[in-house]
Structure formats: C-alpha cells, structure tokens
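Colleague: Got a structure for you, query_14.txt, holding compact mmCIF, C-alpha atoms.
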# COMPACT_ATOMS: atom_id res chain seq x y z
CA MET A 1 1.11 -76.12 -65.69
CA THR A 2 4.54 -75.42 -64.25
CA ALA A 3 7.49 -73.40 -65.49
CA ASN A 4 9.41 -76.66 -66.01
CA PHE A 5 7.29 -77.37 -69.08
CA MET A 6 7.69 -73.88 -70.54
CA LYS A 7 10.18 -72.72 -73.14
CA VAL A 8 11.11 -69.14 -74.03
CA SER A 9 11.98 -68.53 -77.66
CA SER A 10 12.15 -65.79 -80.29
CA LEU A 11 9.57 -65.70 -83.07
CA HIS A 12 9.98 -64.96 -86.77
CA ASP A 13 6.85 -66.49 -88.33
CA LYS A 14 4.17 -63.85 -88.89
CA GLU A 15 1.38 -66.38 -89.32
CA GLU A 16 2.23 -68.12 -86.06
CA ILE A 17 2.30 -64.80 -84.22
CA GLU A 18 -0.97 -63.62 -85.75
CA ARG A 19 -2.83 -66.81 -84.83
CA PHE A 20 -2.06 -66.20 -81.17
CA LEU A 21 -2.75 -62.46 -81.19
CA ARG A 22 -6.13 -62.93 -82.89
CA HIS A 23 -7.44 -64.61 -79.73
CA ASN A 24 -8.12 -61.01 -78.64
CA THR A 25 -7.66 -58.64 -81.57
CA PHE A 26 -8.49 -55.44 -79.73
CA LEU A 27 -6.16 -56.21 -76.80
CA HIS A 28 -3.30 -56.87 -79.23
CA ILE A 29 -4.23 -54.40 -81.98
CA TYR A 30 -0.88 -52.59 -81.85
CA SER A 31 1.05 -55.85 -82.07
CA ILE A 32 -1.04 -57.15 -84.96
CA GLY A 33 -0.47 -53.90 -86.83
CA ASP A 34 3.26 -54.23 -86.27
CA LEU A 35 3.24 -57.45 -88.31
CA ASP A 36 2.81 -55.26 -91.37
CA ASP A 37 5.92 -54.84 -93.52
CA PHE A 38 5.85 -51.10 -92.72
CA PHE A 39 6.67 -51.89 -89.05
CA TRP A 40 8.01 -55.46 -89.09
CA GLU A 41 11.71 -54.67 -89.44
CA ASN A 42 11.53 -52.70 -86.19
CA THR A 43 10.07 -55.55 -84.13
CA VAL A 44 11.52 -58.25 -81.87
CA TRP A 45 9.14 -60.98 -80.69
CA TYR A 46 9.47 -63.32 -77.71
CA ALA A 47 7.17 -66.24 -76.93
CA LEU A 48 6.48 -68.51 -73.99
CA LYS A 49 5.58 -71.92 -75.36
CA HIS A 50 4.23 -75.18 -73.98
CA GLU A 51 4.70 -78.24 -76.20
CA GLY A 52 5.14 -75.95 -79.20
CA GLU A 53 2.00 -73.89 -78.50
CA ILE A 54 2.34 -70.16 -77.79
CA LYS A 55 0.99 -69.21 -74.36
CA GLN A 56 2.24 -65.62 -74.09
CA ILE A 57 3.89 -63.07 -76.40
CA ILE A 58 6.00 -60.00 -75.64
CA LEU A 59 6.85 -57.52 -78.39
CA MET A 60 9.69 -54.98 -78.41
CA TYR A 61 9.25 -52.18 -80.96
CA THR A 62 12.53 -50.45 -81.76
CA ALA A 63 11.74 -47.68 -84.27
CA LEU A 64 11.40 -44.90 -81.70
CA GLU A 65 14.23 -43.28 -79.75
CA MET A 66 13.31 -45.38 -76.72
CA PRO A 67 12.32 -49.02 -77.43
CA THR A 68 8.77 -49.90 -76.40
CA VAL A 69 7.91 -53.26 -74.82
CA LEU A 70 4.33 -54.56 -74.99
CA ALA A 71 3.41 -57.22 -72.42
CA PHE A 72 -0.34 -57.91 -72.32
CA THR A 73 -2.09 -60.95 -70.98
CA GLU A 74 -5.64 -61.97 -70.22
CA GLN A 75 -4.72 -64.86 -67.94
CA PRO A 76 -2.94 -66.27 -66.11
CA GLU A 77 -1.03 -63.24 -64.89
CA ASP A 78 1.55 -65.40 -63.06
CA GLU A 79 2.48 -67.04 -66.35
CA MET A 80 3.22 -63.69 -68.00
CA ARG A 81 5.00 -62.51 -64.86
CA GLY A 82 7.45 -65.39 -65.00
CA PHE A 83 7.90 -64.97 -68.74
CA LEU A 84 8.62 -61.25 -68.47
CA GLY A 85 11.11 -61.90 -65.69
CA SER A 86 12.94 -64.46 -67.82
CA ILE A 87 13.54 -62.09 -70.76
CA LEU A 88 14.54 -59.00 -68.77
CA PRO A 89 18.26 -59.71 -69.39
CA LEU A 90 17.52 -59.51 -73.13
CA LEU A 91 15.92 -56.07 -72.93
CA PRO A 92 17.79 -52.75 -73.14
CA SER A 93 18.86 -50.94 -69.99
CA ARG A 94 16.15 -48.33 -70.60
CA PHE A 95 12.80 -48.83 -72.29
CA TYR A 96 9.17 -47.72 -72.29
CA THR A 97 6.53 -50.34 -71.59
CA HIS A 98 2.81 -50.99 -71.87
CA LEU A 99 1.89 -53.82 -69.56
CA THR A 100 -1.03 -55.51 -67.86
CA GLN A 101 -1.68 -54.23 -64.35
CA GLY A 102 0.04 -56.31 -61.71
CA LEU A 103 3.26 -56.79 -63.67
CA ARG A 104 4.90 -53.50 -62.67
CA SER A 105 5.93 -54.84 -59.26
CA LEU A 106 8.16 -57.40 -61.00
CA LEU A 107 10.08 -54.64 -62.77
CA GLU A 108 10.46 -52.67 -59.55
CA GLU A 109 12.57 -55.45 -58.04
CA ASP A 110 15.60 -54.64 -60.24
CA TYR A 111 14.69 -51.49 -62.15
CA GLU A 112 13.84 -47.89 -61.50
CA VAL A 113 10.27 -47.56 -62.72
CA GLN A 114 8.48 -44.31 -63.49
CA CYS A 115 4.79 -45.05 -63.89
CA HIS A 116 2.90 -42.72 -66.22
CA GLY A 117 -0.53 -43.82 -65.05
CA THR A 118 -3.37 -46.15 -65.85
CA PHE A 119 -4.71 -46.35 -69.39
CA TYR A 120 -7.70 -47.83 -71.18
CA LYS A 121 -7.67 -49.76 -74.41
CA MET A 122 -10.79 -48.77 -76.32
CA ALA A 123 -12.43 -50.43 -79.31
CA LEU A 124 -14.74 -48.95 -81.92
CA THR A 125 -17.86 -51.08 -81.55
CA ASP A 126 -20.64 -48.81 -82.83
CA MET A 127 -19.81 -47.31 -86.22
CA SER A 128 -23.26 -45.70 -86.52
CA ARG A 129 -22.30 -42.95 -84.08
CA LEU A 130 -19.71 -41.58 -86.49
CA ASP A 131 -22.52 -40.33 -88.74
CA MET A 132 -23.75 -38.01 -85.98
CA VAL A 133 -20.60 -35.85 -86.13
CA ASP A 134 -20.18 -32.93 -88.55
CA THR A 135 -16.92 -33.53 -90.41
CA SER A 136 -17.42 -31.03 -93.25
CA SER A 137 -14.46 -28.85 -92.20
CA VAL A 138 -11.97 -31.70 -91.82
CA THR A 139 -9.33 -32.35 -94.50
CA GLY A 140 -6.73 -35.02 -95.13
CA LEU A 141 -3.07 -34.41 -94.28
CA THR A 142 0.06 -35.66 -96.04
CA SER A 143 3.82 -35.57 -95.59
CA SER A 144 3.80 -32.05 -97.05
CA ASP A 145 1.98 -30.91 -93.89
CA LEU A 146 4.70 -32.22 -91.56
CA GLY A 147 5.87 -28.74 -90.53
CA GLU A 148 2.39 -27.66 -89.47
CA VAL A 149 1.69 -30.93 -87.71
CA ALA A 150 4.98 -30.81 -85.79
CA GLU A 151 4.36 -27.21 -84.76
CA LEU A 152 0.87 -28.04 -83.48
CA TYR A 153 2.23 -30.93 -81.42
CA LYS A 154 4.93 -28.67 -80.03
CA VAL A 155 2.25 -26.29 -78.73
CA SER A 156 -0.54 -28.66 -77.74
CA TYR A 157 0.98 -32.12 -77.25
CA PRO A 158 4.67 -31.88 -76.31
CA GLY A 159 6.42 -35.16 -75.68
CA ASN A 160 3.94 -37.20 -77.69
CA TRP A 161 4.89 -40.37 -79.56
CA PHE A 162 4.76 -39.05 -83.12
CA ASP A 163 6.57 -40.89 -85.88
CA PRO A 164 6.62 -38.63 -88.98
CA ARG A 165 6.53 -41.77 -91.16
CA MET A 166 2.90 -42.23 -90.18
CA LEU A 167 1.89 -39.28 -92.35
CA GLU A 168 2.88 -41.47 -95.29
CA THR A 169 -0.04 -43.80 -94.54
CA GLY A 170 -2.49 -41.11 -95.67
CA HIS A 171 -4.45 -41.56 -92.46
CA TYR A 172 -3.99 -38.21 -90.75
CA TYR A 173 -6.79 -35.67 -90.69
CA GLY A 174 -6.85 -32.07 -89.56
CA LEU A 175 -9.01 -29.00 -89.18
CA ARG A 176 -7.90 -25.44 -89.97
CA ARG A 177 -9.17 -22.01 -89.05
CA ASP A 178 -7.79 -18.88 -90.66
CA ASN A 179 -5.36 -21.14 -92.56
CA ALA A 180 -3.86 -22.41 -89.29
CA LEU A 181 -3.93 -26.10 -88.31
CA ILE A 182 -5.74 -26.32 -84.96
CA GLY A 183 -6.67 -29.99 -84.68
CA VAL A 184 -5.20 -33.34 -85.76
CA ALA A 185 -6.11 -37.02 -85.52
CA GLY A 186 -3.85 -39.74 -86.85
CA VAL A 187 -2.76 -43.32 -86.39
CA HIS A 188 -0.05 -45.01 -84.37
CA VAL A 189 -0.62 -48.23 -86.30
CA TYR A 190 -2.28 -48.96 -89.63
CA SER A 191 -2.32 -52.13 -91.70
CA ASP A 192 -4.48 -52.76 -94.73
CA LYS A 193 -3.13 -56.33 -94.87
CA TYR A 194 -4.05 -57.18 -91.28
CA LYS A 195 -7.19 -54.98 -91.26
CA VAL A 196 -6.34 -53.12 -88.04
CA ALA A 197 -5.67 -49.52 -87.04
CA ALA A 198 -4.95 -47.73 -83.78
CA LEU A 199 -5.73 -44.03 -83.46
CA GLY A 200 -3.01 -41.83 -82.00
CA ASN A 201 -1.54 -38.34 -81.77
CA VAL A 202 -4.98 -36.76 -81.40
CA THR A 203 -4.81 -33.14 -80.25
CA THR A 204 -6.43 -29.71 -80.42
CA HIS A 205 -4.73 -26.35 -80.04
CA PRO A 206 -5.27 -25.13 -76.43
CA GLN A 207 -7.17 -22.04 -77.61
CA TYR A 208 -9.80 -24.13 -79.39
CA ARG A 209 -10.50 -26.97 -77.00
CA GLY A 210 -14.03 -27.90 -75.98
CA GLN A 211 -15.44 -27.22 -79.44
CA GLY A 212 -15.53 -30.79 -80.76
CA ILE A 213 -12.57 -30.31 -83.10
CA ALA A 214 -10.73 -33.50 -82.12
CA THR A 215 -14.01 -35.41 -82.25
CA ALA A 216 -14.61 -34.24 -85.83
CA CYS A 217 -11.07 -35.15 -86.88
CA CYS A 218 -11.40 -38.61 -85.34
CA ALA A 219 -14.78 -39.17 -86.98
CA SER A 220 -13.34 -38.39 -90.43
CA LEU A 221 -10.36 -40.62 -89.72
CA CYS A 222 -12.51 -43.54 -88.55
CA HIS A 223 -14.82 -43.20 -91.57
CA GLU A 224 -11.84 -43.46 -93.90
CA LEU A 225 -10.19 -46.28 -91.94
CA SER A 226 -13.40 -48.32 -92.04
CA ARG A 227 -12.99 -48.63 -95.81
CA THR A 228 -9.91 -50.81 -95.42
CA VAL A 229 -9.78 -52.16 -91.84
CA GLU A 230 -12.08 -54.23 -89.66
CA HIS A 231 -10.82 -53.35 -86.17
CA ILE A 232 -10.13 -49.81 -84.92
CA GLY A 233 -8.80 -49.21 -81.42
CA LEU A 234 -6.91 -46.68 -79.33
CA ASN A 235 -5.18 -46.11 -76.00
CA VAL A 236 -6.20 -43.28 -73.67
CA LYS A 237 -5.20 -42.27 -70.16
CA ALA A 238 -7.86 -43.32 -67.68
CA ASP A 239 -8.09 -39.86 -66.08
CA ASN A 240 -8.54 -38.04 -69.42
CA LYS A 241 -12.28 -37.69 -69.00
CA GLY A 242 -12.72 -35.26 -71.88
CA ALA A 243 -11.04 -37.54 -74.39
CA ILE A 244 -12.88 -40.61 -73.12
CA ALA A 245 -16.22 -38.80 -73.46
CA SER A 246 -15.29 -37.85 -77.03
CA TYR A 247 -14.34 -41.42 -77.91
CA ARG A 248 -17.53 -42.81 -76.39
CA LYS A 249 -19.49 -40.31 -78.48
CA LEU A 250 -17.80 -41.78 -81.55
CA GLY A 251 -18.76 -45.36 -80.60
CA PHE A 252 -15.70 -46.57 -78.70
CA GLU A 253 -15.84 -48.60 -75.48
CA ALA A 254 -13.16 -49.60 -72.97
CA ILE A 255 -12.09 -53.25 -73.26
CA ALA A 256 -8.97 -53.44 -71.06
CA THR A 257 -6.95 -51.52 -68.47
CA TYR A 258 -3.15 -51.35 -68.40
CA GLU A 259 -0.17 -49.22 -67.26
CA GLU A 260 2.57 -47.34 -69.09
CA CYS A 261 6.02 -46.93 -67.52
CA THR A 262 9.55 -45.81 -68.25
CA VAL A 263 11.94 -48.48 -67.02
CA SER A 264 15.66 -48.00 -66.30
CA ARG A 265 18.06 -50.61 -64.96
CA ALA A 266 19.04 -49.65 -61.42
CA GLU A 267 22.64 -48.59 -60.87
Any chance you could give the structure as structure tokens?
Modeller:
Amino acid sequence: MTANFMKVSSLHDKEEIERFLRHNTFLHIYSIGDLDDFFWENTVWYALKHEGEIKQIILMYTALEMPTVLAFTEQPEDEMRGFLGSILPLLPSRFYTHLTQGLRSLLEEDYEVQCHGTFYKMALTDMSRLDMVDTSSVTGLTSSDLGEVAELYKVSYPGNWFDPRMLETGHYYGLRRDNALIGVAGVHVYSDKYKVAALGNVTTHPQYRGQGIATACCASLCHELSRTVEHIGLNVKADNKGAIASYRKLGFEAIATYEECTVSRAE
C-alpha cells in the first residue's frame, strides 16, 4: 500500500474512532478514555485512511498547559511515520508526546527533541492479586482534599501531570499517618461509558517509601475501578524497577514499550 492511496483527515465521530482503537484496547486506553464527554472537548483527532478505512490515529490532548500528542502503532511503523510527518505543520510549536519507539528520529529532523526515556504500558490482567494486599488503612479522596494532595505532589512528585479535575471522578485514594497524607493513587483517565481507566499520579512521601503504601493505595483504587470498568492500564518508566515490581504484584503486565519526549520547533 503506498502513500498515494492514503488520505489524512480530522475525525469527529466517536463511534468511528472507538472502533479503530478497540483493535488494541490496552495500547490505546488513554485515547479511548478521552472519548468520554469529560475529556472530549479537549481533544483533536487525526486519521490516516485508505478507501475510507482508518489505518492510523493520532490524538492531541489540549487540556494541560502543554498539549500532548499520542502516536501509537502496532504496525506498520513506516505508515505511522509518514502520517506523523504529514501532520507536523498542524501541531503547535511546542508539545509533549507519547510515541512508538522508532518515530522519534522523524521529529529530530526539524525539531529539538528532549527524550524523557523509555516507558512501559502495563495492563491489569490478574485481578486476583489485588486481594492479597492489605488496604484497610486506605481512604477515598475528593476535591476537598486538593490542598493536601497538591502539597504531597510538591514534596514527592514535582513536575507530575496532575489535573485537579480528576479528583472530581471520585477515583483517588490515599493513606494517612498522624493525620498527614503520605500516599496517593489516582487516575489520569476514567470513563464509565467506555469502561476504561488509566492509573496515574501515584506517589509516596519520601520518608515512607518501601513500606507498600503506594501498592495499598493502588489496590484500593483498582478494586473500586473494577466495579465500573473492564480495562485498567497505566504507564510507567522502564527504569522504575520499584514501581514495576509493585504493579506486577498487583497483577499488571507490560504490553508495549514507547517513548515520551518534549518537542520544540527548531529556531
């Protein structure tokens, strides 16, 4: 199949987008979640089509201070590479991106690219392991806890991608000691309608690490999420061995590898 038969277009039909993304739900779990009305108004979708059939999708999420571009593909990589290259003029001069390995070199031709490392996409595939974790000290968090949550992130997870609106979902859990919040697990994406969730903003105060606090918070969160969603995933840096061990203990497994980068148009 050659580029001559391909057409790049914008997408506005949620059902059409979902049909394509469901070919690999865990790979596209963030994008599927962003179809929810809670996120939809902050999304821009591009498609590469052949005879009306979607072959590749790229999503730009605009709610955060820096837009985030998601460009994931299973195969063929060359097809996505050409597609990404064709929409670069439509993207902002500076953006953050999650993309399949091998695509970064395309961006480096015309952009300054700061790579933040290799990451794993992980999927919760064994729910039974959640029952092995003591979650008795974990409590739910709401918007009224925003001050405490923000302060904990300031100390233990500076520069994280926390959107305060996510507390409104009711899917943030924390653990306190001496009335101080020392551990949090929440979601980057949640959709009851599309039955998907992606864990995010998981952290433990530096003084309390290594005690299973984040694991307990995540276990409570996953238990609650399982009541309303069918697919739970997360992203984690590939060299974060402690976090990966914790997620494996909870029943997660790695299903894909990708890179995260900050991209700025070269002067």
Colleague: List every residue of range 148-212 of chain A that has an atom at most 8 Å from any atom of range 230-234 of chain A, and for each one report the closest atom pair and its distance in Å to one decimal, counting only C-alpha atoms, with rows sorted by chain and then by increasing residue number, as JSON lines.
Modeller:
{"residue": "A:Lys195", "atom": "CA", "partner": "A:Glu230", "partner_atom": "CA", "distance": 5.2}
{"residue": "A:Val196", "atom": "CA", "partner": "A:His231", "partner_atom": "CA", "distance": 4.9}
{"residue": "A:Ala197", "atom": "CA", "partner": "A:Ile232", "partner_atom": "CA", "distance": 4.9}
{"residue": "A:Ala198", "atom": "CA", "partner": "A:Gly233", "partner_atom": "CA", "distance": 4.8}
{"residue": "A:Leu199", "atom": "CA", "partner": "A:Leu234", "partner_atom": "CA", "distance": 5.0}
{"residue": "A:Gly200", "atom": "CA", "partner": "A:Leu234", "partner_atom": "CA", "distance": 6.8}
Colleague: Can you measure CA of Val155 in chain A to CA of Lys121 in chain A for me? One decimal in Å is fine.
Modeller: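 Distance reported for this atom pair: 25.8 Å.
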Colleague: Between CA of Gly251 in chain A and CA of Gly159 in chain A, what distance in Å does the model show, to one decimal?
Modeller: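 A separation of 27.6 Å between them.
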Colleague: Tell me which protein, DNA and RNA residues are within 6 Å of range 39-51 of chain A, counting all atoms listed in the file, leaving out same-chain ones fewer than 2 positions away, and put them as a PDB file with C-alpha atoms, in the coordinates of the input.
Modeller:
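Okay, selection_33.pdb is ready:
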ATOM      1  CA  MET A   6       7.690 -73.880 -70.540  1.00  0.00           C
ATOM      2  CA  LYS A   7      10.180 -72.720 -73.140  1.00  0.00           C
ATOM      3  CA  VAL A   8      11.110 -69.140 -74.030  1.00  0.00           C
ATOM      4  CA  SER A   9      11.980 -68.530 -77.660  1.00  0.00           C
ATOM      5  CA  SER A  10      12.150 -65.790 -80.290  1.00  0.00           C
ATOM      6  CA  LEU A  11       9.570 -65.700 -83.070  1.00  0.00           C
ATOM      7  CA  ASP A  34       3.260 -54.230 -86.270  1.00  0.00           C
ATOM      8  CA  LEU A  35       3.240 -57.450 -88.310  1.00  0.00           C
ATOM      9  CA  ASP A  36       2.810 -55.260 -91.370  1.00  0.00           C
ATOM     10  CA  ASP A  37       5.920 -54.840 -93.520  1.00  0.00           C
ATOM     11  CA  GLU A  53       2.000 -73.890 -78.500  1.00  0.00           C
ATOM     12  CA  ILE A  54       2.340 -70.160 -77.790  1.00  0.00           C
ATOM     13  CA  LYS A  55       0.990 -69.210 -74.360  1.00  0.00           C
ATOM     14  CA  GLN A  56       2.240 -65.620 -74.090  1.00  0.00           C
ATOM     15  CA  ILE A  57       3.890 -63.070 -76.400  1.00  0.00           C
ATOM     16  CA  ILE A  58       6.000 -60.000 -75.640  1.00  0.00           C
ATOM     17  CA  LEU A  59       6.850 -57.520 -78.390  1.00  0.00           C
ATOM     18  CA  MET A  60       9.690 -54.980 -78.410  1.00  0.00           C
ATOM     19  CA  TYR A  61       9.250 -52.180 -80.960  1.00  0.00           C
ATOM     20  CA  THR A  62      12.530 -50.450 -81.760  1.00  0.00           C
ATOM     21  CA  ALA A  63      11.740 -47.680 -84.270  1.00  0.00           C
TER      22      ALA A  63
END
Colleague: Build an axis-aligned box that encloses every atom of range 145-158 of chain A listed in the file, pad it by 4 Å on each side, and report its centre and edge lengths in Å to one decimal, as AutoDock Vina command-line options.
Modeller:
--center_x 2.7 --center_y -29.3 --center_z -85.1 --size_x 14.4 --size_y 13.9 --size_z 25.6
Colleague: I'd like the contact shell of Phe72 in chain A - 8 Å cut-off, all atoms listed in the file, skipping same-chain residues fewer than 6 positions apart - returned as a PDB file with C-alpha atoms, keeping the file's coordinate frame.
Modeller:
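Final output, saved to out_23.pdb:
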ATOM      1  CA  LEU A  27      -6.160 -56.210 -76.800  1.00  0.00           C
ATOM      2  CA  HIS A  28      -3.300 -56.870 -79.230  1.00  0.00           C
ATOM      3  CA  ILE A  57       3.890 -63.070 -76.400  1.00  0.00           C
ATOM      4  CA  ILE A  58       6.000 -60.000 -75.640  1.00  0.00           C
ATOM      5  CA  HIS A  98       2.810 -50.990 -71.870  1.00  0.00           C
ATOM      6  CA  LEU A  99       1.890 -53.820 -69.560  1.00  0.00           C
ATOM      7  CA  THR A 100      -1.030 -55.510 -67.860  1.00  0.00           C
TER       8      THR A 100
END
Colleague: To one decimal place in Å, what is the distance between CA of Met122 in chain A and CA of Ala256 in chain A?
Modeller: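 Going from CA of Met122 in chain A over to CA of Ala256 in chain A covers 7.3 Å.
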Colleague: Counting only C-alpha atoms, which of A:Glu259, A:Leu181, A:Ala266, A:Leu152 gets nearest to Leu70 in chain A?
Modeller: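 Among the listed residues, A:Glu259 lies closest to Leu70 in chain A.
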Colleague: Which is closest to Gly102 in chain A among A:Thr125, A:Thr257, A:Asn24, A:Thr262, if we use only C-alpha atoms?
Modeller: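 Checking each candidate against Gly102 in chain A, we get A:Thr257 as the closest.
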Colleague: Please, which residues are within 12 Å of (-18.0, -29.9, -77.1) by the file's coordinates, counting all atoms listed in the file, and could they come as an NGL selection string?
Modeller: :A and (133 or 208-216 or 242-243 or 245-246 or 249)
Colleague: Need to verify the contact set: Leu130 in chain A, 7 Å, only C-alpha atoms, exclusion of same-chain residues closer than 2 positions in sequence. Can you return it as a PyMOL selection string?
Modeller: chain A and resi 127-128+132-133+219+250
Colleague: Considering all atoms listed in the file, can you say which of A:Val229, A:Ala254, A:Leu124, A:Leu167 comes closest to Ser143 in chain A?
Modeller: A:Leu167
Colleague: Looking at A:Gln114, A:Ser220, A:Thr169, A:Thr142, which one is nearest to Ser264 in chain A, with distances taken over all atoms listed in the file?
Modeller: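 The answer is A:Gln114, which sits nearest to Ser264 in chain A.
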Colleague: Could you write range 64-85 of chain A as a short mmCIF file (atom, residue, chain, number, x, y, z; two decimals), keeping the file's coordinate frame, with N, CA and C atoms rebuilt where they are missing?
Modeller:
data_model
loop_
_atom_site.label_atom_id
_atom_site.label_comp_id
_atom_site.auth_asym_id
_atom_site.auth_seq_id
_atom_site.Cartn_x
_atom_site.Cartn_y
_atom_site.Cartn_z
N LEU A 64 11.35 -46.18 -82.40
CA LEU A 64 11.40 -44.90 -81.70
C LEU A 64 12.71 -44.77 -80.93
N GLU A 65 12.97 -43.55 -80.46
CA GLU A 65 14.23 -43.28 -79.75
C GLU A 65 14.39 -44.20 -78.55
N MET A 66 13.29 -44.45 -77.84
CA MET A 66 13.31 -45.38 -76.72
C MET A 66 12.49 -46.61 -77.10
N PRO A 67 13.08 -47.81 -77.09
CA PRO A 67 12.32 -49.02 -77.43
C PRO A 67 11.09 -49.16 -76.54
N THR A 68 10.02 -49.71 -77.12
CA THR A 68 8.77 -49.90 -76.40
C THR A 68 8.46 -51.38 -76.29
N VAL A 69 8.19 -51.85 -75.09
CA VAL A 69 7.91 -53.26 -74.82
C VAL A 69 6.43 -53.42 -74.48
N LEU A 70 5.74 -54.29 -75.22
CA LEU A 70 4.33 -54.56 -74.99
C LEU A 70 4.18 -55.93 -74.35
N ALA A 71 3.59 -55.96 -73.15
CA ALA A 71 3.41 -57.22 -72.42
C ALA A 71 1.99 -57.27 -71.89
N PHE A 72 1.07 -57.82 -72.70
CA PHE A 72 -0.34 -57.91 -72.32
C PHE A 72 -0.76 -59.37 -72.18
N THR A 73 -1.58 -59.60 -71.18
CA THR A 73 -2.09 -60.95 -70.98
C THR A 73 -3.51 -60.87 -70.45
N GLU A 74 -4.30 -61.85 -70.80
CA GLU A 74 -5.64 -61.97 -70.22
C GLU A 74 -5.55 -62.81 -68.94
N GLN A 75 -4.95 -63.98 -69.07
CA GLN A 75 -4.72 -64.86 -67.94
C GLN A 75 -3.84 -66.02 -68.39
N PRO A 76 -3.12 -66.68 -67.51
CA PRO A 76 -2.94 -66.27 -66.11
C PRO A 76 -1.83 -65.23 -65.99
N GLU A 77 -2.01 -64.30 -65.08
CA GLU A 77 -1.03 -63.24 -64.89
C GLU A 77 0.32 -63.79 -64.43
N ASP A 78 0.30 -64.83 -63.57
CA ASP A 78 1.55 -65.40 -63.06
C ASP A 78 2.41 -65.96 -64.19
N GLU A 79 1.75 -66.50 -65.21
CA GLU A 79 2.48 -67.04 -66.35
C GLU A 79 3.24 -65.95 -67.08
N MET A 80 2.57 -64.83 -67.34
CA MET A 80 3.22 -63.69 -68.00
C MET A 80 4.28 -63.09 -67.09
N ARG A 81 4.03 -63.07 -65.81
CA ARG A 81 5.00 -62.51 -64.86
C ARG A 81 6.32 -63.27 -64.92
N GLY A 82 6.25 -64.59 -64.91
CA GLY A 82 7.45 -65.39 -65.00
C GLY A 82 8.15 -65.24 -66.34
N PHE A 83 7.36 -65.15 -67.40
CA PHE A 83 7.90 -64.97 -68.74
C PHE A 83 8.64 -63.65 -68.86
N LEU A 84 8.00 -62.56 -68.41
CA LEU A 84 8.62 -61.25 -68.47
C LEU A 84 9.93 -61.25 -67.68
N GLY A 85 9.90 -61.84 -66.50
CA GLY A 85 11.11 -61.90 -65.69
C GLY A 85 12.25 -62.63 -66.39
#
